[in-house]
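Data block for work-v6.txt (compact mmCIF, C-alpha atoms):
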# COMPACT_ATOMS: atom_id res chain seq x y z
CA MET A 179 41.16 -10.09 -30.37
CA LYS A 180 39.09 -7.77 -32.58
CA ARG A 181 35.95 -9.71 -31.67
CA ALA A 182 36.68 -9.36 -27.91
CA LYS A 183 37.17 -5.60 -28.28
CA ALA A 184 33.99 -5.28 -30.30
CA THR A 185 32.05 -7.31 -27.72
CA ALA A 186 33.50 -5.26 -24.86
CA GLY A 187 32.60 -2.07 -26.71
CA ALA A 188 29.06 -3.26 -27.33
CA ILE A 189 28.65 -4.22 -23.67
CA ALA A 190 29.97 -0.83 -22.55
CA ALA A 191 27.61 0.99 -24.92
CA LEU A 192 24.66 -1.12 -23.77
CA THR A 193 25.52 -0.55 -20.10
CA ALA A 194 25.82 3.21 -20.65
CA GLY A 195 22.46 3.24 -22.43
CA VAL A 196 20.73 1.32 -19.64
CA LEU A 197 22.26 3.59 -16.99
CA ALA A 198 21.21 6.70 -18.91
CA LEU A 199 17.63 5.45 -19.12
CA SER A 200 17.45 4.43 -15.47
CA ALA A 201 19.22 7.45 -13.97
CA THR A 202 16.42 9.98 -13.63
CA PRO A 203 17.43 13.20 -11.94
CA ALA A 204 15.81 13.82 -8.53
CA SER A 205 14.08 16.91 -9.83
CA ALA A 206 12.34 14.94 -12.57
CA SER A 207 10.58 12.59 -10.19
CA GLY A 208 10.02 15.39 -7.72
CA THR A 209 10.66 13.33 -4.62
CA TYR A 210 13.13 11.08 -2.90
CA SER A 211 10.35 8.53 -2.45
CA GLY A 212 9.54 8.68 -6.15
CA LEU A 213 5.93 9.66 -5.47
CA PRO A 214 4.37 12.72 -7.12
CA TYR A 215 2.81 13.90 -3.83
CA VAL A 216 3.89 14.76 -0.32
CA SER A 217 2.79 11.50 1.25
CA GLY A 218 3.08 9.04 4.08
CA SER A 219 1.66 6.06 5.88
CA GLY A 220 1.64 4.60 9.34
CA VAL A 221 2.93 6.90 12.06
CA PHE A 222 3.06 10.60 11.25
CA THR A 223 6.45 11.38 12.70
CA ASP A 224 8.34 9.82 9.81
CA ASP A 225 6.04 10.80 6.93
CA TRP A 226 8.10 13.71 5.62
CA GLY A 227 11.54 12.12 5.96
CA ASP A 228 11.68 11.20 2.28
CA GLU A 229 10.14 14.24 0.63
CA GLY A 230 11.51 16.02 -2.41
CA ILE A 231 13.26 19.32 -2.71
CA VAL A 232 11.37 22.58 -3.12
CA ASP A 233 13.56 25.58 -3.82
CA GLN A 234 14.41 28.04 -6.59
CA SER A 235 15.64 25.20 -8.83
CA HIS A 236 13.41 22.23 -7.95
CA ASN A 237 9.62 22.04 -7.93
CA THR A 238 9.65 25.83 -7.99
CA GLN A 239 5.98 26.14 -8.94
CA SER A 240 3.99 23.40 -7.23
CA ASN A 241 1.44 22.59 -4.58
CA ALA A 242 4.28 21.03 -2.55
CA THR A 243 5.89 24.49 -2.56
CA CYS A 244 2.54 25.94 -1.50
CA LEU A 245 2.43 23.52 1.46
CA TRP A 246 5.98 24.55 2.40
CA GLN A 247 4.93 28.21 2.25
CA LYS A 248 1.97 27.40 4.50
CA ILE A 249 4.46 26.03 7.04
CA LEU A 250 6.53 29.22 6.77
CA TRP A 251 3.34 31.26 7.32
CA ALA A 252 2.38 29.13 10.33
CA ASP A 253 5.79 29.82 11.85
CA GLY A 254 5.44 33.58 11.24
CA LEU A 255 8.06 33.86 8.51
CA LEU A 256 5.87 34.49 5.45
CA SER A 257 2.75 36.58 5.05
CA ALA A 258 -0.50 34.95 3.93
CA ASP A 259 -0.28 36.67 0.54
CA GLY A 260 3.11 34.99 0.05
CA ILE A 261 1.44 31.56 -0.14
CA ASP A 262 1.21 31.23 -3.91
CA GLY A 263 3.07 28.00 -4.76
CA ILE A 264 6.01 29.86 -6.34
CA PHE A 265 9.38 29.44 -4.62
CA GLY A 266 10.88 32.88 -5.10
CA PRO A 267 13.45 34.95 -3.21
CA ASN A 268 11.08 35.73 -0.29
CA THR A 269 10.35 32.04 0.22
CA ALA A 270 14.06 31.20 0.00
CA SER A 271 14.89 33.84 2.62
CA ALA A 272 12.08 32.67 4.92
CA THR A 273 13.23 29.05 4.47
CA TYR A 274 16.78 30.01 5.45
CA THR A 275 15.47 31.75 8.58
CA TRP A 276 13.25 28.75 9.39
CA GLN A 277 16.26 26.45 9.11
CA VAL A 278 18.32 28.65 11.44
CA ARG A 279 15.50 28.73 14.04
CA TRP A 280 13.83 25.32 13.87
CA ASP A 281 16.01 22.76 12.14
CA PRO A 282 17.72 20.84 14.96
CA LEU A 283 19.30 18.18 12.76
CA PRO A 284 23.02 17.93 13.51
CA GLY A 285 25.28 18.96 10.68
CA HIS A 286 22.50 20.47 8.59
CA ILE A 287 23.68 23.80 7.22
CA PRO A 288 20.89 26.30 6.40
CA ASP A 289 20.70 26.85 2.64
CA GLY A 290 17.23 28.26 1.91
CA SER A 291 16.18 25.01 0.23
CA ALA A 292 13.52 22.72 1.71
CA GLY A 293 14.91 19.23 1.20
CA ARG A 294 14.88 15.98 3.13
CA ASN A 295 16.30 17.37 6.40
CA THR A 296 14.07 20.44 6.43
CA TRP A 297 10.90 18.47 5.65
CA THR A 298 11.85 15.98 8.39
CA ALA A 299 12.27 18.76 10.95
CA ALA A 300 8.94 20.33 9.90
CA GLY A 301 7.23 16.98 10.41
CA TRP A 302 7.99 17.16 14.12
CA SER A 303 5.70 20.19 14.59
CA TRP A 304 2.31 18.60 14.37
CA PHE A 305 -0.27 16.71 16.32
CA ASN A 306 -2.83 14.35 14.86
CA SER A 307 -6.13 12.60 15.24
CA SER A 308 -7.89 9.94 13.21
CA ASP A 309 -11.09 10.40 11.24
CA THR A 310 -12.27 6.82 10.89
CA GLN A 311 -15.59 7.68 9.26
CA THR A 312 -14.01 9.01 6.07
CA GLY A 313 -10.77 6.98 6.14
CA ASN A 314 -8.72 10.17 6.38
CA THR A 315 -6.19 10.96 9.04
CA VAL A 316 -6.16 14.55 10.16
CA SER A 317 -3.09 16.36 11.49
CA TYR A 318 -2.46 19.91 12.53
CA TYR A 319 0.75 21.76 11.89
CA ASN A 320 1.46 23.51 15.16
CA GLY A 321 3.33 26.64 14.08
CA ALA A 322 4.83 29.38 16.22
CA SER A 323 2.20 31.88 14.99
CA HIS A 324 -0.62 29.82 13.42
CA ASP A 325 -1.91 26.26 13.20
CA PHE A 326 -3.48 24.67 10.15
CA ALA A 327 -5.08 21.33 9.32
CA LEU A 328 -3.47 18.69 7.14
CA ARG A 329 -5.33 15.66 5.88
CA ARG A 330 -3.73 12.42 4.73
CA ASP A 331 -6.12 10.68 2.33
CA SER A 332 -6.56 6.93 1.79
CA ASN A 333 -3.72 6.99 -0.79
CA GLY A 334 -1.40 8.60 1.77
CA TYR A 335 -1.37 11.98 -0.04
CA TYR A 336 -1.35 15.13 2.06
CA HIS A 337 -4.00 17.81 1.57
CA PHE A 338 -4.02 21.29 3.05
CA PRO A 339 -6.15 24.43 2.78
CA ASP A 340 -4.63 27.02 0.45
CA ASN A 341 -4.87 30.78 0.98
CA THR A 342 -8.54 30.81 -0.04
CA GLY A 343 -9.40 27.79 2.14
CA ALA A 344 -9.71 25.42 -0.84
CA ASP A 345 -8.51 21.85 -0.28
CA ARG A 346 -5.29 21.16 -2.23
CA ALA A 347 -3.27 17.97 -2.63
CA ALA A 348 0.42 18.67 -2.06
CA GLY A 349 1.76 17.54 -5.45
CA TYR A 350 5.18 18.23 -6.93
CA ASN A 351 4.23 18.29 -10.60
CA TYR A 352 1.50 20.93 -10.75
CA ARG A 353 0.36 24.18 -9.11
CA THR A 354 -3.29 24.93 -8.36
CA CYS A 355 -2.97 26.73 -5.03
CA SER A 356 -3.46 30.46 -4.65

Structure re-expressed in structure tokens:
Amino acid sequence: MKRAKATAGAIAALTAGVLALSATPASASGTYSGLPYVSGSGVFTDDWGDEGIVDQSHNTQSNATCLWQKILWADGLLSADGIDGIFGPNTASATYTWQVRWDPLPGHIPDGSAGRNTWTAAGWSWFNSSDTQTGNTVSYYNGASHDFALRRDSNGYYHFPDNTGADRAAGYNYRTCS
């Protein structure tokens, strides 16, 4: 009887340890897809359906946040000088307004956080072409006030021009945009 309890206890401890090691919080990986970049493959319309959260608690300072701010700028909700890759109160407010205006997903309640539903809805506002000479696929975010180019590289990672026009990869784990 003692041996059975000891074995059961050891199994429980081992199981808890394995679960603790394998259960990484969503904010640690940065994305639902597990990739460190805003990425996609195949058809464009579903590329952003598995993207990570950018808000005041997740990926707060990142190039993915900078890309989200570029979308807010394109839709006339954020000024160009607000595109800095830092998800602060102005970005949260603009995100909330964007969700009220342009997020048609049923049951999605605006919260000022750009997560899976918000990225998915944003992905519907673009048109694309293919650049076969360089292996890149070029898209354009078609905003209410501005358009801007997006490039999906051969790894599937999205690139966009930051405020200065420099090419930036939309990563979750670093911030180089300005």

* To do: Figure out the distance between atom CA of A:Asn268 and atom CA of A:Pro288, please, to one decimal in Å.
  =>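 Between these atoms lies a distance of 15.2 Å.
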
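The two atoms in question, atom CA of A:Ala258 and atom CA of A:Ser271, are spaced 15.5 Å apart.
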
* **Between atom CA of A:Thr238 and atom CA of A:Tyr350, distance in Å (one decimal)** => 8.9 Å

* Using only C-alpha atoms, which residues sit within 6 Å of A:Leu328 once same-chain residues fewer than 3 positions away are excluded, as a list in words? ->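 Within the cut-off, the hits are Val316, Ser317, Tyr318, His337 and Phe338 of chain A.
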
* To do: Kindly indicate which residue among A:Ile264, A:Val216, A:Leu250, A:Ala347 lies nearest to A:Glu229, using all atoms listed in the file for the distances.
  => A:Val216

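Among the candidate residues A:Gln277, A:Gly254, A:Ser291, A:Gly301, the one lying nearest to A:Phe222 is A:Gly301, with distances computed using all atoms listed in the file.
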
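The nearest approach to A:Gln234 among the residues A:Ala270, A:Ile261, A:Ile249, A:Leu213, with all atoms listed in the file taken into account, belongs to A:Ala270.
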
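All residues of protein, DNA or RNA that reach within 9 Å of A:Gly334, judged by all atoms listed in the file and not counting those fewer than 2 positions away in the chain, are A:Tyr215, A:Val216, A:Ser217, A:Gly218, A:Ser219, A:Asn314, A:Arg330, A:Asp331, A:Ser332, A:Tyr336.
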
* Residue nearest A:Ala252 among A:Trp226, A:Trp280, A:Trp297, A:Phe326 (counting only C-alpha atoms) -> A:Phe326

* Could you tell me which of A:Asp233, A:Asp340, A:Asp345, A:Asp281 comes closest to A:Trp251 if we count only C-alpha atoms? =>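 Under the stated criterion, the closest residue is A:Asp340.
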